[in-house]
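As structure tokens, the structure follows; a few thoughts come after it.
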Amino acid sequence: MTFISTSAPGKCILFGEHAVVYGHPAVAVAIDQRISIKIQPSTSGMWLLDGGTLNMSRNPHIKGLIDKLWPVEDGAPPLSIHIDGNIPRASGLGSSAALSVALAGALRLARGRLVKDSKSNDQDNWAEGYGSSISESDAYGTDNGLFVSNNGEELTLIIGKQAVDADENAILAHSVEAAAQNGRASPMDSSTCSHGGVVVISDQIEADLTHLYRRELTMPDGERFWHIHELDLGKIPEDVYLVIGSTGVNAPTSKQVAKVARMLEQNPARMEEIETIGKIARRGIDALIAGDYEAVGRTMTENQIMLKSIGVSSPELDSLIKAAAPTSLGAKLTGAGGGGCMIALTRNPKSTSDAIELAGGRTLISKLGSPGMKIDSQTEITFWTKS
Ligand code: MEV
């Protein structure tokens with residue numbers, strides 16, 4: 001039986017979670033832990049997830065991507081989806097963004113892409129798709145896939161690796177993350193899980209970094225925009241690791257994001273704390289660009305003080321962070337908080353990991369900046385094509 005499989009990494013946020021939702025700078029790194037997706041045509045005529053019936057309402061990310069890339073109303077057939085991987089769920093490590101990115105890539109592989117000129121896969125040449133450089137593309141809508149075949153242009157179907165685009169995977173993952181988080185999501189997780197490496201988000205274009213694209217989103221309380229950049233991996237020293245400590249406490253991102261939004265509604269003056277996190281993140285970006293990892297660690301620890309102040313830390317997180325402190329350059333919660341995971345930046349991964357485990361955490365060790373979405377297996381044919 002033919003199948004397609006893709007994978008995408010999880011992520012850790014070094015600086016700026018929560019404040020990034022309000023347009024402030026942030027930095028995330030892709031980690032070694034990944035989610036893998038395998039898709040194949042369903043032989044039962046029903047949508048399947050890991051062998052059972054796919055419950056669309058319990059899997060909003062999957063449903064959102066099917067709505068955008070796999071239009072059943074146009075005859076796209078039901079698929080069987082398998083999810084595997086070693087990113088713990090609801091732990092702040094980007095498991096839902098990794099799942100969304102990997103599935104977006106797999107669905108694109110399964111349908112190929114119609115382009116105007118077969119020799120070029122630039123976004124401007126696409127006849128269908130969702131990308132930052134396509135100005136007419138309604139990337140956050142569900143009904144405008146930019147099909148131009150009606151106006152007489154001859155289109156070519158490209159398949160395989162060249163049909164897949166990291167920007168498209170990121171934009172689609174961001175839109176389904178935003179829907180699952182009641183309209184509030186930064187592009188941090190989706191861009192990091194798609195592009196891999198180190199992703200810096202800023203409210204301005206950073207001269208020393210590679211600018212990828214600008215993202216916008218209309219949130220319940222106004223417009224936000226972000227500039228997304230890549231930081232050159234060559235700048236990361238070989239002997240610096242992240243030790244990730246899981247509290248084992250499930251903490252869905254949507255609840256934590258809503259908690260911060262409620263706090264700001266009740267007391268708008270507390271936006272100052274969010275702004276301080278943004279300033280700390282800017283210092284962290286400068287330290288990363290300068291390659292000063294002692295300063296990166298110190299800035300992470302300062303970031304944690306502010307995260308605690310806005311109420312997204314927890315006693316379990318605090319105790320793992322305290323245990324990691326003596327052997328690390330800096331430590332903080334990562335992701336939405338309230339439970340989930342903390343991270344320590346360290347040159348002594350074994351000692352830091354042992355200390356976190358002794359304090360009751362489960363650890364994972366990762367280098368900084370793993371590769372982004374990968375195609376692990378592909379077919380010579382599409383499973384369905386828009387005509
Ligand atoms: C979640 O990994 C990070 C948050 O900042 C939410 C977001 O950026 O959408 C808490």
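Residues in the structure tokens are numbered from 1 in each chain, the chains being A, B, ... in the order shown, and ligands are numbered from 1 in the order shown.
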
Residues of stretch 11-247 of chain A in strand (DSSP E or B) according to DSSP, as a count of residues only?
-> 71

Nearby polymer residues, ligand 1, at most 9 Å, only C-alpha atoms and all ligand atoms, as a ChimeraX atom specification = /A:11-13,16-22,26,91-94,97,174,177-178,181,184-190,253-254,256-257,334-337

d(atom CA of A:Gly284, atom CA of A:Lys367) in Å | 18.0 Å

Gap from atom CA of A:Thr363 to atom CA of A:Gly105 - Å, one decimal | 29.3 Å

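The nearest approach to A:Thr247 among the residues A:Lys350, A:Lys279, A:Arg362, A:His229, with only C-alpha atoms taken into account, belongs to A:Arg362.
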
Please, what distance in Å, to one decimal, runs between atom CA of A:Ala76 and atom CA of A:Glu154?
->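 Computing the Euclidean distance for atom CA of A:Ala76 and atom CA of A:Glu154 yields 21.9 Å.
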